[in-house]
>>> print(open('protein.cif').read())   # mmCIF, N, CA and C atoms
data_final
#
loop_
_atom_site.label_atom_id
_atom_site.label_comp_id
_atom_site.auth_asym_id
_atom_site.auth_seq_id
_atom_site.Cartn_x
_atom_site.Cartn_y
_atom_site.Cartn_z
N MET A 1 9.68 -6.86 -45.71
CA MET A 1 10.32 -6.79 -44.42
C MET A 1 10.61 -8.19 -43.90
N SER A 2 11.71 -8.32 -43.27
CA SER A 2 12.04 -9.63 -42.73
C SER A 2 11.26 -9.87 -41.44
N SER A 3 11.16 -11.14 -41.09
CA SER A 3 10.42 -11.48 -39.87
C SER A 3 11.13 -10.93 -38.62
N LEU A 4 12.45 -10.77 -38.70
CA LEU A 4 13.20 -10.21 -37.58
C LEU A 4 12.84 -8.74 -37.37
N SER A 5 12.72 -8.00 -38.45
CA SER A 5 12.33 -6.58 -38.35
C SER A 5 10.93 -6.44 -37.79
N ILE A 6 10.05 -7.31 -38.26
CA ILE A 6 8.66 -7.26 -37.78
C ILE A 6 8.61 -7.60 -36.29
N SER A 7 9.43 -8.55 -35.87
CA SER A 7 9.48 -8.93 -34.45
C SER A 7 9.93 -7.76 -33.59
N HIS A 8 10.95 -7.05 -34.05
CA HIS A 8 11.42 -5.89 -33.29
C HIS A 8 10.36 -4.80 -33.22
N LEU A 9 9.68 -4.57 -34.32
CA LEU A 9 8.61 -3.57 -34.36
C LEU A 9 7.49 -3.96 -33.41
N LEU A 10 7.11 -5.23 -33.41
CA LEU A 10 6.07 -5.73 -32.52
C LEU A 10 6.47 -5.58 -31.06
N LEU A 11 7.70 -5.92 -30.72
CA LEU A 11 8.18 -5.75 -29.35
C LEU A 11 8.17 -4.29 -28.92
N LEU A 12 8.55 -3.40 -29.81
CA LEU A 12 8.53 -1.98 -29.50
C LEU A 12 7.11 -1.51 -29.22
N LEU A 13 6.16 -1.91 -30.06
CA LEU A 13 4.77 -1.52 -29.85
C LEU A 13 4.23 -2.07 -28.53
N LEU A 14 4.56 -3.30 -28.22
CA LEU A 14 4.10 -3.89 -26.95
C LEU A 14 4.70 -3.15 -25.76
N ALA A 15 5.96 -2.78 -25.85
CA ALA A 15 6.61 -2.07 -24.74
C ALA A 15 5.99 -0.71 -24.51
N LEU A 16 5.56 -0.06 -25.58
CA LEU A 16 4.95 1.26 -25.44
C LEU A 16 3.59 1.19 -24.76
N HIS A 17 2.91 0.06 -24.90
CA HIS A 17 1.57 -0.07 -24.32
C HIS A 17 1.54 -0.79 -22.98
N ALA A 18 2.66 -1.29 -22.54
CA ALA A 18 2.71 -2.03 -21.27
C ALA A 18 2.54 -1.06 -20.10
N PRO A 19 1.75 -1.41 -19.10
CA PRO A 19 1.61 -0.53 -17.94
C PRO A 19 2.93 -0.44 -17.18
N GLN A 20 3.15 0.73 -16.59
CA GLN A 20 4.37 0.95 -15.83
C GLN A 20 4.03 1.18 -14.37
N ALA A 21 4.88 0.71 -13.48
CA ALA A 21 4.60 0.79 -12.04
C ALA A 21 4.74 2.20 -11.50
N LYS A 22 5.58 3.03 -12.06
CA LYS A 22 5.78 4.42 -11.62
C LYS A 22 6.13 4.51 -10.14
N GLY A 23 6.80 3.52 -9.61
CA GLY A 23 7.24 3.57 -8.22
C GLY A 23 6.18 3.24 -7.20
N LEU A 24 4.96 2.94 -7.63
CA LEU A 24 3.89 2.61 -6.70
C LEU A 24 3.86 1.11 -6.48
N PRO A 25 3.43 0.68 -5.31
CA PRO A 25 3.36 -0.76 -5.07
C PRO A 25 2.32 -1.40 -5.97
N VAL A 26 2.56 -2.62 -6.36
CA VAL A 26 1.61 -3.34 -7.18
C VAL A 26 0.44 -3.75 -6.31
N MET A 27 -0.75 -3.46 -6.78
CA MET A 27 -1.94 -3.79 -6.01
C MET A 27 -2.29 -5.26 -6.21
N THR A 28 -2.56 -5.93 -5.14
CA THR A 28 -2.97 -7.32 -5.21
C THR A 28 -4.42 -7.41 -4.79
N SER A 29 -4.88 -8.57 -4.52
CA SER A 29 -6.29 -8.74 -4.16
C SER A 29 -6.49 -8.50 -2.67
N ARG A 30 -6.04 -7.39 -2.19
CA ARG A 30 -6.21 -7.03 -0.78
C ARG A 30 -7.60 -6.47 -0.56
N ALA A 31 -8.02 -6.52 0.68
CA ALA A 31 -9.27 -5.87 1.04
C ALA A 31 -9.09 -4.37 0.89
N PRO A 32 -10.13 -3.67 0.52
CA PRO A 32 -10.01 -2.21 0.41
C PRO A 32 -9.59 -1.61 1.76
N TYR A 33 -8.77 -0.57 1.68
CA TYR A 33 -8.25 0.04 2.90
C TYR A 33 -9.36 0.59 3.79
N SER A 34 -10.43 1.10 3.17
CA SER A 34 -11.53 1.62 3.98
C SER A 34 -12.14 0.51 4.83
N MET A 35 -12.24 -0.68 4.27
CA MET A 35 -12.80 -1.81 5.02
C MET A 35 -11.86 -2.22 6.15
N LEU A 36 -10.55 -2.22 5.88
CA LEU A 36 -9.58 -2.55 6.92
C LEU A 36 -9.68 -1.56 8.08
N MET A 37 -9.78 -0.28 7.74
CA MET A 37 -9.89 0.75 8.78
C MET A 37 -11.18 0.60 9.57
N ARG A 38 -12.27 0.31 8.88
CA ARG A 38 -13.55 0.14 9.55
C ARG A 38 -13.48 -1.04 10.52
N GLU A 39 -12.85 -2.14 10.10
CA GLU A 39 -12.70 -3.30 10.99
C GLU A 39 -11.86 -2.95 12.21
N ILE A 40 -10.78 -2.19 12.01
CA ILE A 40 -9.94 -1.77 13.14
C ILE A 40 -10.78 -0.94 14.11
N MET A 41 -11.52 0.03 13.57
CA MET A 41 -12.31 0.91 14.43
C MET A 41 -13.40 0.13 15.17
N ASP A 42 -14.05 -0.79 14.48
CA ASP A 42 -15.08 -1.60 15.14
C ASP A 42 -14.49 -2.42 16.28
N ASP A 43 -13.33 -3.03 16.03
CA ASP A 43 -12.67 -3.81 17.09
C ASP A 43 -12.24 -2.92 18.24
N LEU A 44 -11.70 -1.74 17.93
CA LEU A 44 -11.29 -0.82 18.99
C LEU A 44 -12.46 -0.45 19.89
N LYS A 45 -13.60 -0.18 19.27
CA LYS A 45 -14.79 0.20 20.05
C LYS A 45 -15.26 -0.93 20.95
N LYS A 46 -15.06 -2.16 20.51
CA LYS A 46 -15.49 -3.32 21.30
C LYS A 46 -14.56 -3.60 22.48
N ILE A 47 -13.26 -3.37 22.30
CA ILE A 47 -12.30 -3.85 23.31
C ILE A 47 -11.55 -2.76 24.05
N THR A 48 -11.77 -1.49 23.68
CA THR A 48 -11.08 -0.41 24.39
C THR A 48 -12.07 0.61 24.90
N PRO A 49 -11.73 1.27 25.99
CA PRO A 49 -12.62 2.31 26.51
C PRO A 49 -12.61 3.52 25.59
N SER A 50 -13.68 4.31 25.68
CA SER A 50 -13.71 5.55 24.92
C SER A 50 -12.59 6.44 25.43
N PRO A 51 -11.88 7.07 24.51
CA PRO A 51 -10.76 7.92 24.94
C PRO A 51 -11.26 9.11 25.76
N GLU A 52 -10.48 9.44 26.76
CA GLU A 52 -10.77 10.62 27.58
C GLU A 52 -9.81 11.71 27.17
N GLY A 53 -10.30 12.93 27.07
CA GLY A 53 -9.44 14.04 26.68
C GLY A 53 -9.22 14.06 25.18
N SER A 54 -8.18 14.75 24.78
CA SER A 54 -7.87 14.85 23.36
C SER A 54 -6.36 14.94 23.17
N LEU A 55 -5.94 14.79 21.95
CA LEU A 55 -4.52 14.85 21.65
C LEU A 55 -4.03 16.29 21.71
N ASN A 56 -2.81 16.46 22.17
CA ASN A 56 -2.24 17.81 22.15
C ASN A 56 -1.67 18.07 20.76
N SER A 57 -1.28 19.29 20.49
CA SER A 57 -0.82 19.66 19.14
C SER A 57 0.45 18.91 18.74
N ASP A 58 1.34 18.63 19.70
CA ASP A 58 2.56 17.87 19.37
C ASP A 58 2.22 16.45 18.92
N GLU A 59 1.29 15.81 19.63
CA GLU A 59 0.90 14.45 19.26
C GLU A 59 0.25 14.43 17.88
N LYS A 60 -0.62 15.39 17.62
CA LYS A 60 -1.25 15.47 16.30
C LYS A 60 -0.19 15.68 15.22
N ASN A 61 0.78 16.51 15.51
CA ASN A 61 1.86 16.79 14.57
C ASN A 61 2.64 15.51 14.26
N PHE A 62 2.97 14.73 15.28
CA PHE A 62 3.70 13.47 15.09
C PHE A 62 2.90 12.49 14.21
N LEU A 63 1.59 12.51 14.36
CA LEU A 63 0.75 11.57 13.62
C LEU A 63 0.52 12.00 12.17
N THR A 64 0.75 13.27 11.86
CA THR A 64 0.52 13.75 10.50
C THR A 64 1.78 13.77 9.64
N LYS A 65 2.94 13.67 10.25
CA LYS A 65 4.19 13.74 9.48
C LYS A 65 4.35 12.52 8.58
N GLU A 66 4.48 12.78 7.30
CA GLU A 66 4.63 11.70 6.33
C GLU A 66 5.88 10.87 6.61
N SER A 67 6.94 11.52 7.06
CA SER A 67 8.18 10.79 7.33
C SER A 67 8.07 9.86 8.53
N LEU A 68 7.03 10.02 9.34
CA LEU A 68 6.84 9.16 10.51
C LEU A 68 5.71 8.13 10.35
N LEU A 69 5.07 8.11 9.18
CA LEU A 69 3.94 7.19 9.01
C LEU A 69 4.34 5.73 9.26
N GLN A 70 5.45 5.31 8.69
CA GLN A 70 5.89 3.93 8.84
C GLN A 70 6.35 3.66 10.29
N ALA A 71 7.11 4.60 10.86
CA ALA A 71 7.58 4.43 12.24
C ALA A 71 6.41 4.41 13.23
N ASN A 72 5.42 5.27 13.00
CA ASN A 72 4.24 5.27 13.86
C ASN A 72 3.45 3.97 13.71
N LEU A 73 3.37 3.47 12.48
CA LEU A 73 2.69 2.19 12.28
C LEU A 73 3.37 1.10 13.09
N LYS A 74 4.68 1.09 13.10
CA LYS A 74 5.41 0.09 13.88
C LYS A 74 5.11 0.23 15.37
N ALA A 75 4.99 1.47 15.85
CA ALA A 75 4.66 1.69 17.27
C ALA A 75 3.27 1.13 17.59
N PHE A 76 2.31 1.37 16.69
CA PHE A 76 0.96 0.85 16.91
C PHE A 76 0.94 -0.68 16.81
N MET A 77 1.71 -1.23 15.88
CA MET A 77 1.77 -2.68 15.73
C MET A 77 2.42 -3.34 16.95
N THR A 78 3.44 -2.70 17.49
CA THR A 78 4.09 -3.23 18.70
C THR A 78 3.10 -3.26 19.86
N PHE A 79 2.38 -2.15 20.05
CA PHE A 79 1.39 -2.08 21.13
C PHE A 79 0.31 -3.14 20.91
N ALA A 80 -0.18 -3.26 19.67
CA ALA A 80 -1.24 -4.22 19.36
C ALA A 80 -0.77 -5.65 19.61
N THR A 81 0.45 -5.95 19.21
CA THR A 81 1.00 -7.30 19.43
C THR A 81 1.13 -7.58 20.92
N ASP A 82 1.68 -6.63 21.66
CA ASP A 82 1.88 -6.82 23.10
C ASP A 82 0.56 -6.94 23.85
N THR A 83 -0.47 -6.24 23.38
CA THR A 83 -1.74 -6.18 24.09
C THR A 83 -2.73 -7.24 23.63
N PHE A 84 -2.86 -7.40 22.31
CA PHE A 84 -3.90 -8.28 21.76
C PHE A 84 -3.34 -9.57 21.17
N GLY A 85 -2.03 -9.62 20.92
CA GLY A 85 -1.41 -10.79 20.30
C GLY A 85 -1.14 -10.56 18.82
N LYS A 86 -0.14 -11.28 18.32
CA LYS A 86 0.28 -11.07 16.93
C LYS A 86 -0.75 -11.57 15.92
N ASP A 87 -1.69 -12.41 16.36
CA ASP A 87 -2.71 -12.93 15.45
C ASP A 87 -4.04 -12.18 15.56
N SER A 88 -4.06 -11.08 16.30
CA SER A 88 -5.31 -10.33 16.45
C SER A 88 -5.68 -9.67 15.13
N LYS A 89 -6.96 -9.44 14.97
CA LYS A 89 -7.47 -8.81 13.75
C LYS A 89 -6.90 -7.40 13.59
N ILE A 90 -6.79 -6.67 14.68
CA ILE A 90 -6.23 -5.31 14.61
C ILE A 90 -4.81 -5.38 14.08
N MET A 91 -4.02 -6.29 14.61
CA MET A 91 -2.63 -6.43 14.17
C MET A 91 -2.55 -6.81 12.70
N LYS A 92 -3.33 -7.77 12.29
CA LYS A 92 -3.31 -8.21 10.89
C LYS A 92 -3.72 -7.08 9.95
N ASN A 93 -4.74 -6.32 10.34
CA ASN A 93 -5.19 -5.21 9.50
C ASN A 93 -4.15 -4.09 9.44
N LEU A 94 -3.53 -3.78 10.58
CA LEU A 94 -2.48 -2.75 10.57
C LEU A 94 -1.34 -3.15 9.64
N LYS A 95 -0.99 -4.42 9.66
CA LYS A 95 0.11 -4.91 8.84
C LYS A 95 -0.14 -4.70 7.34
N GLU A 96 -1.40 -4.68 6.93
CA GLU A 96 -1.74 -4.48 5.52
C GLU A 96 -1.31 -3.10 5.00
N PHE A 97 -1.10 -2.16 5.89
CA PHE A 97 -0.72 -0.81 5.47
C PHE A 97 0.79 -0.65 5.27
N GLN A 98 1.58 -1.59 5.77
CA GLN A 98 3.04 -1.48 5.66
C GLN A 98 3.55 -1.25 4.24
N PRO A 99 3.09 -2.02 3.26
CA PRO A 99 3.67 -1.86 1.92
C PRO A 99 3.35 -0.54 1.23
N VAL A 100 2.32 0.16 1.67
CA VAL A 100 1.92 1.38 0.95
C VAL A 100 2.34 2.67 1.63
N LEU A 101 2.96 2.56 2.79
CA LEU A 101 3.40 3.76 3.49
C LEU A 101 4.86 4.06 3.15
N PRO A 102 5.22 5.33 3.16
CA PRO A 102 6.60 5.69 2.80
C PRO A 102 7.60 5.12 3.80
N THR A 103 8.75 4.75 3.30
CA THR A 103 9.78 4.15 4.16
C THR A 103 10.91 5.13 4.45
N ALA A 104 10.60 6.40 4.45
CA ALA A 104 11.62 7.42 4.74
C ALA A 104 12.20 7.20 6.12
N THR A 105 13.47 7.48 6.25
CA THR A 105 14.13 7.35 7.55
C THR A 105 13.71 8.54 8.41
N PRO A 106 13.00 8.26 9.51
CA PRO A 106 12.54 9.37 10.35
C PRO A 106 13.71 10.04 11.07
N THR A 107 13.59 11.34 11.25
CA THR A 107 14.61 12.08 12.00
C THR A 107 14.16 12.30 13.44
N GLU A 108 12.94 11.85 13.74
CA GLU A 108 12.38 11.99 15.08
C GLU A 108 11.87 10.63 15.54
N ASP A 109 11.64 10.53 16.83
CA ASP A 109 11.05 9.31 17.38
C ASP A 109 9.58 9.24 17.01
N PRO A 110 9.04 8.02 16.88
CA PRO A 110 7.61 7.88 16.58
C PRO A 110 6.76 8.27 17.78
N ILE A 111 5.48 8.24 17.57
CA ILE A 111 4.51 8.58 18.61
C ILE A 111 4.72 7.66 19.82
N SER A 112 4.50 8.20 20.98
CA SER A 112 4.62 7.42 22.20
C SER A 112 3.21 7.06 22.68
N ILE A 113 3.01 5.78 22.96
CA ILE A 113 1.72 5.31 23.45
C ILE A 113 1.92 4.88 24.90
N GLU A 114 1.09 5.42 25.78
CA GLU A 114 1.23 5.10 27.19
C GLU A 114 1.11 3.59 27.40
N ASN A 115 2.02 3.05 28.17
CA ASN A 115 2.08 1.61 28.43
C ASN A 115 0.76 1.09 28.98
N LYS A 116 0.21 0.09 28.31
CA LYS A 116 -1.02 -0.60 28.73
C LYS A 116 -2.23 0.32 28.83
N ASN A 117 -2.19 1.50 28.19
CA ASN A 117 -3.31 2.43 28.23
C ASN A 117 -4.10 2.29 26.93
N LEU A 118 -5.18 1.51 26.98
CA LEU A 118 -5.98 1.25 25.78
C LEU A 118 -6.68 2.51 25.27
N GLY A 119 -7.07 3.40 26.18
CA GLY A 119 -7.70 4.65 25.76
C GLY A 119 -6.74 5.52 24.96
N ASP A 120 -5.50 5.60 25.41
CA ASP A 120 -4.47 6.37 24.71
C ASP A 120 -4.20 5.75 23.34
N PHE A 121 -4.09 4.42 23.30
CA PHE A 121 -3.88 3.70 22.05
C PHE A 121 -5.00 4.00 21.06
N ARG A 122 -6.23 3.89 21.53
CA ARG A 122 -7.38 4.11 20.64
C ARG A 122 -7.42 5.54 20.13
N MET A 123 -7.24 6.51 21.02
CA MET A 123 -7.31 7.92 20.62
C MET A 123 -6.26 8.24 19.55
N LYS A 124 -5.05 7.76 19.76
CA LYS A 124 -3.96 8.05 18.82
C LYS A 124 -4.13 7.25 17.53
N LEU A 125 -4.59 6.02 17.63
CA LEU A 125 -4.78 5.21 16.43
C LEU A 125 -5.91 5.76 15.56
N GLU A 126 -6.96 6.25 16.18
CA GLU A 126 -8.06 6.85 15.41
C GLU A 126 -7.55 8.04 14.59
N GLU A 127 -6.78 8.90 15.22
CA GLU A 127 -6.21 10.06 14.52
C GLU A 127 -5.23 9.61 13.44
N TYR A 128 -4.44 8.61 13.74
CA TYR A 128 -3.46 8.09 12.79
C TYR A 128 -4.16 7.54 11.54
N LEU A 129 -5.25 6.81 11.74
CA LEU A 129 -5.98 6.25 10.59
C LEU A 129 -6.56 7.34 9.70
N VAL A 130 -6.98 8.44 10.30
CA VAL A 130 -7.45 9.59 9.50
C VAL A 130 -6.32 10.09 8.61
N ASN A 131 -5.12 10.15 9.17
CA ASN A 131 -3.97 10.64 8.41
C ASN A 131 -3.52 9.65 7.35
N ILE A 132 -3.61 8.36 7.63
CA ILE A 132 -3.30 7.37 6.61
C ILE A 132 -4.29 7.50 5.45
N ARG A 133 -5.55 7.68 5.78
CA ARG A 133 -6.57 7.84 4.73
C ARG A 133 -6.21 9.02 3.83
N LYS A 134 -5.85 10.14 4.43
CA LYS A 134 -5.46 11.33 3.65
C LYS A 134 -4.24 11.03 2.78
N TYR A 135 -3.26 10.35 3.35
CA TYR A 135 -2.05 10.02 2.60
C TYR A 135 -2.39 9.12 1.40
N LEU A 136 -3.16 8.07 1.64
CA LEU A 136 -3.50 7.14 0.56
C LEU A 136 -4.30 7.84 -0.54
N LYS A 137 -5.20 8.73 -0.15
CA LYS A 137 -5.96 9.48 -1.16
C LYS A 137 -5.04 10.37 -1.97
N SER A 138 -4.06 10.99 -1.31
CA SER A 138 -3.14 11.88 -2.03
C SER A 138 -2.27 11.12 -3.02
N LYS A 139 -2.06 9.83 -2.79
CA LYS A 139 -1.24 9.00 -3.67
C LYS A 139 -2.09 8.14 -4.60
N ASN A 140 -3.40 8.42 -4.61
CA ASN A 140 -4.35 7.67 -5.44
C ASN A 140 -4.32 6.16 -5.14
N LEU A 141 -4.09 5.82 -3.89
CA LEU A 141 -4.09 4.42 -3.47
C LEU A 141 -5.35 4.05 -2.69
N TRP A 142 -6.20 5.03 -2.46
CA TRP A 142 -7.41 4.80 -1.68
C TRP A 142 -8.50 4.25 -2.58
N PHE A 143 -9.12 3.22 -2.14
CA PHE A 143 -10.30 2.73 -2.84
C PHE A 143 -11.22 2.13 -1.79
N SER A 144 -12.50 2.30 -2.03
CA SER A 144 -13.49 1.85 -1.04
C SER A 144 -13.89 0.42 -1.24
#
>>> encode(input="protein.cif", output="structure tokens")
Amino acid sequence: MSSLSISHLLLLLLALHAPQAKGLPVMTSRAPYSMLMREIMDDLKKITPSPEGSLNSDEKNFLTKESLLQANLKAFMTFATDTFGKDSKIMKNLKEFQPVLPTATPTEDPISIENKNLGDFRMKLEEYLVNIRKYLKSKNLWFS
């Protein structure tokens, strides 16, 4: 066999064994998502009042829709930036979820957070993080 034929055979074998992305984002040396969520929750408990009341079914529905995950994240990030600053730990941790959430074009408006209401923000963000956890687990992107 010529060296050219052997080279082609070797390239073919290497291509068959190379890992494929399968449309999933490439994982880098990020902190585990569970740790990011825990840090967000710890910070929320320190700087926001305990939520009063509970979410209504429409609000829960908005937070669970996969097509709104990215749009809702932007709403939470906007509130966090306006309230705590763009360099806050909550904001930085929320930003880590952007690359792994679906970028579907929403047909509805994202969740509404009452202006300057930290209790409303916390209550909705807590529920949202539960839904992100479920989404990441369903896509095998969750790791502790």
>>> atom_distance(input="protein.cif", atom1="atom CA of A:Phe121", atom2="atom CA of A:Phe76")
7.6 Å
>>> atom_distance(input="protein.cif", atom1="atom CA of A:Ile90", atom2="atom CA of A:Asn56")
24.6 Å
>>> closest_residue(input="protein.cif", among="A:Ile6, A:Leu68, A:Leu44, A:Met123", to="A:Thr105", atoms="all atoms listed in the file")
A:Leu68
>>> atom_distance(input="protein.cif", atom1="atom C of A:Pro32", atom2="atom N of A:Ser54")
28.3 Å
>>> select_by_dssp(input="protein.cif", residues="stretch 5-143 of chain A", states="helix (DSSP H, G or I)", output="JSON, numbers by chain")
{"A": [5, 6, 7, 8, 9, 10, 11, 12, 13, 14, 15, 16, 17, 33, 34, 35, 36, 37, 38, 39, 40, 41, 42, 43, 44, 45, 46, 47, 57, 58, 59, 60, 61, 62, 63, 64, 66, 67, 68, 69, 70, 71, 72, 73, 74, 75, 76, 77, 78, 79, 80, 81, 82, 83, 84, 89, 90, 91, 92, 93, 94, 95, 98, 99, 100, 118, 119, 120, 121, 122, 123, 124, 125, 126, 127, 128, 129, 130, 131, 132, 133, 134, 135, 136, 137, 138]}
>>> resolve_selection(input="protein.cif", expression="the PyMOL selection byres (((chain A and resi 128 and name CA) around 10) and name CA)", output="list in words")
Lys60, Phe62, Leu63, Thr64, Leu69, Asn72, Leu73, Phe76, Ile111, Arg122, Met123, Lys124, Leu125, Glu126, Glu127, Leu129, Val130, Asn131, Ile132, Arg133 and Lys134 of chain A
>>> residues_near_point(input="protein.cif", point="(-1.0, -3.0, 26.9)", cutoff="6.5 Å", atoms="all atoms listed in the file", output="MDAnalysis selection string")
chainID A and resid 79 82:83 115:118
>>> write_last_selection(input="protein.cif", atoms="N, CA and C atoms", output="PDB file, in the coordinates of the input")
ATOM      1  N   PHE A  79       2.380  -2.150  20.050  1.00  0.00           N
ATOM      2  CA  PHE A  79       1.390  -2.080  21.130  1.00  0.00           C
ATOM      3  C   PHE A  79       0.310  -3.140  20.910  1.00  0.00           C
ATOM      4  N   ASP A  82       1.680  -6.630  21.660  1.00  0.00           N
ATOM      5  CA  ASP A  82       1.880  -6.820  23.100  1.00  0.00           C
ATOM      6  C   ASP A  82       0.560  -6.940  23.850  1.00  0.00           C
ATOM      7  N   THR A  83      -0.470  -6.240  23.380  1.00  0.00           N
ATOM      8  CA  THR A  83      -1.740  -6.180  24.090  1.00  0.00           C
ATOM      9  C   THR A  83      -2.730  -7.240  23.630  1.00  0.00           C
ATOM     10  N   ASN A 115       2.020   3.050  28.170  1.00  0.00           N
ATOM     11  CA  ASN A 115       2.080   1.610  28.430  1.00  0.00           C
ATOM     12  C   ASN A 115       0.760   1.090  28.980  1.00  0.00           C
ATOM     13  N   LYS A 116       0.210   0.090  28.310  1.00  0.00           N
ATOM     14  CA  LYS A 116      -1.020  -0.600  28.730  1.00  0.00           C
ATOM     15  C   LYS A 116      -2.230   0.320  28.830  1.00  0.00           C
ATOM     16  N   ASN A 117      -2.190   1.500  28.190  1.00  0.00           N
ATOM     17  CA  ASN A 117      -3.310   2.430  28.230  1.00  0.00           C
ATOM     18  C   ASN A 117      -4.100   2.290  26.930  1.00  0.00           C
ATOM     19  N   LEU A 118      -5.180   1.510  26.980  1.00  0.00           N
ATOM     20  CA  LEU A 118      -5.980   1.250  25.780  1.00  0.00           C
ATOM     21  C   LEU A 118      -6.680   2.510  25.270  1.00  0.00           C
TER      22      LEU A 118
END
>>> closest_residue(input="protein.cif", among="A:Asn140, A:Thr103, A:Asn93, A:Ser112", to="A:Leu36", atoms="all atoms listed in the file")
A:Asn93
>>> decode(input="protein.cif", residues="stretch 30-87 of chain A", atoms="C-alpha atoms", output="PDB file, in the first residue's frame")
ATOM      1  CA  ARG A  30     -17.116  26.703  34.234  1.00  0.00           C
ATOM      2  CA  ALA A  31     -18.299  26.279  37.763  1.00  0.00           C
ATOM      3  CA  PRO A  32     -20.939  23.575  38.081  1.00  0.00           C
ATOM      4  CA  TYR A  33     -24.435  24.949  37.566  1.00  0.00           C
ATOM      5  CA  SER A  34     -25.567  23.654  40.953  1.00  0.00           C
ATOM      6  CA  MET A  35     -22.876  25.768  42.616  1.00  0.00           C
ATOM      7  CA  LEU A  36     -23.874  28.846  40.600  1.00  0.00           C
ATOM      8  CA  MET A  37     -27.501  28.376  41.644  1.00  0.00           C
ATOM      9  CA  ARG A  38     -26.538  27.867  45.273  1.00  0.00           C
ATOM     10  CA  GLU A  39     -24.507  31.102  45.220  1.00  0.00           C
ATOM     11  CA  ILE A  40     -27.448  32.988  43.681  1.00  0.00           C
ATOM     12  CA  MET A  41     -29.820  31.623  46.325  1.00  0.00           C
ATOM     13  CA  ASP A  42     -27.414  32.419  49.163  1.00  0.00           C
ATOM     14  CA  ASP A  43     -27.008  35.990  47.916  1.00  0.00           C
ATOM     15  CA  LEU A  44     -30.768  36.385  47.468  1.00  0.00           C
ATOM     16  CA  LYS A  45     -31.370  35.285  51.057  1.00  0.00           C
ATOM     17  CA  LYS A  46     -28.830  37.820  52.305  1.00  0.00           C
ATOM     18  CA  ILE A  47     -30.050  40.852  50.357  1.00  0.00           C
ATOM     19  CA  THR A  48     -33.754  40.325  49.674  1.00  0.00           C
ATOM     20  CA  PRO A  49     -36.740  39.890  51.953  1.00  0.00           C
ATOM     21  CA  SER A  50     -38.490  36.553  52.157  1.00  0.00           C
ATOM     22  CA  PRO A  51     -41.163  36.449  49.488  1.00  0.00           C
ATOM     23  CA  GLU A  52     -44.716  37.011  50.618  1.00  0.00           C
ATOM     24  CA  GLY A  53     -47.481  35.041  48.967  1.00  0.00           C
ATOM     25  CA  SER A  54     -46.919  32.708  46.063  1.00  0.00           C
ATOM     26  CA  LEU A  55     -46.840  32.713  42.299  1.00  0.00           C
ATOM     27  CA  ASN A  56     -50.095  32.407  40.429  1.00  0.00           C
ATOM     28  CA  SER A  57     -50.534  29.703  37.785  1.00  0.00           C
ATOM     29  CA  ASP A  58     -49.877  32.134  34.895  1.00  0.00           C
ATOM     30  CA  GLU A  59     -46.554  33.220  36.399  1.00  0.00           C
ATOM     31  CA  LYS A  60     -45.513  29.611  36.977  1.00  0.00           C
ATOM     32  CA  ASN A  61     -46.492  28.808  33.404  1.00  0.00           C
ATOM     33  CA  PHE A  62     -44.335  31.665  32.049  1.00  0.00           C
ATOM     34  CA  LEU A  63     -41.364  30.418  34.073  1.00  0.00           C
ATOM     35  CA  THR A  64     -41.662  26.823  32.841  1.00  0.00           C
ATOM     36  CA  LYS A  65     -41.976  27.476  29.103  1.00  0.00           C
ATOM     37  CA  GLU A  66     -38.827  26.350  27.352  1.00  0.00           C
ATOM     38  CA  SER A  67     -39.328  28.956  24.629  1.00  0.00           C
ATOM     39  CA  LEU A  68     -39.177  31.706  27.283  1.00  0.00           C
ATOM     40  CA  LEU A  69     -36.138  30.493  29.245  1.00  0.00           C
ATOM     41  CA  GLN A  70     -33.724  32.850  27.482  1.00  0.00           C
ATOM     42  CA  ALA A  71     -36.163  35.804  27.473  1.00  0.00           C
ATOM     43  CA  ASN A  72     -36.909  35.288  31.175  1.00  0.00           C
ATOM     44  CA  LEU A  73     -33.187  35.125  31.910  1.00  0.00           C
ATOM     45  CA  LYS A  74     -32.781  38.501  30.228  1.00  0.00           C
ATOM     46  CA  ALA A  75     -35.603  39.921  32.381  1.00  0.00           C
ATOM     47  CA  PHE A  76     -33.893  38.660  35.549  1.00  0.00           C
ATOM     48  CA  MET A  77     -30.519  39.955  34.362  1.00  0.00           C
ATOM     49  CA  THR A  78     -31.989  43.386  33.623  1.00  0.00           C
ATOM     50  CA  PHE A  79     -33.534  43.566  37.096  1.00  0.00           C
ATOM     51  CA  ALA A  80     -30.287  42.347  38.706  1.00  0.00           C
ATOM     52  CA  THR A  81     -28.204  44.888  36.788  1.00  0.00           C
ATOM     53  CA  ASP A  82     -30.577  47.754  37.626  1.00  0.00           C
ATOM     54  CA  THR A  83     -30.792  46.761  41.292  1.00  0.00           C
ATOM     55  CA  PHE A  84     -27.407  45.284  42.225  1.00  0.00           C
ATOM     56  CA  GLY A  85     -25.135  46.467  39.395  1.00  0.00           C
ATOM     57  CA  LYS A  86     -23.646  44.717  36.388  1.00  0.00           C
ATOM     58  CA  ASP A  87     -20.697  43.429  38.438  1.00  0.00           C
TER      59      ASP A  87
END
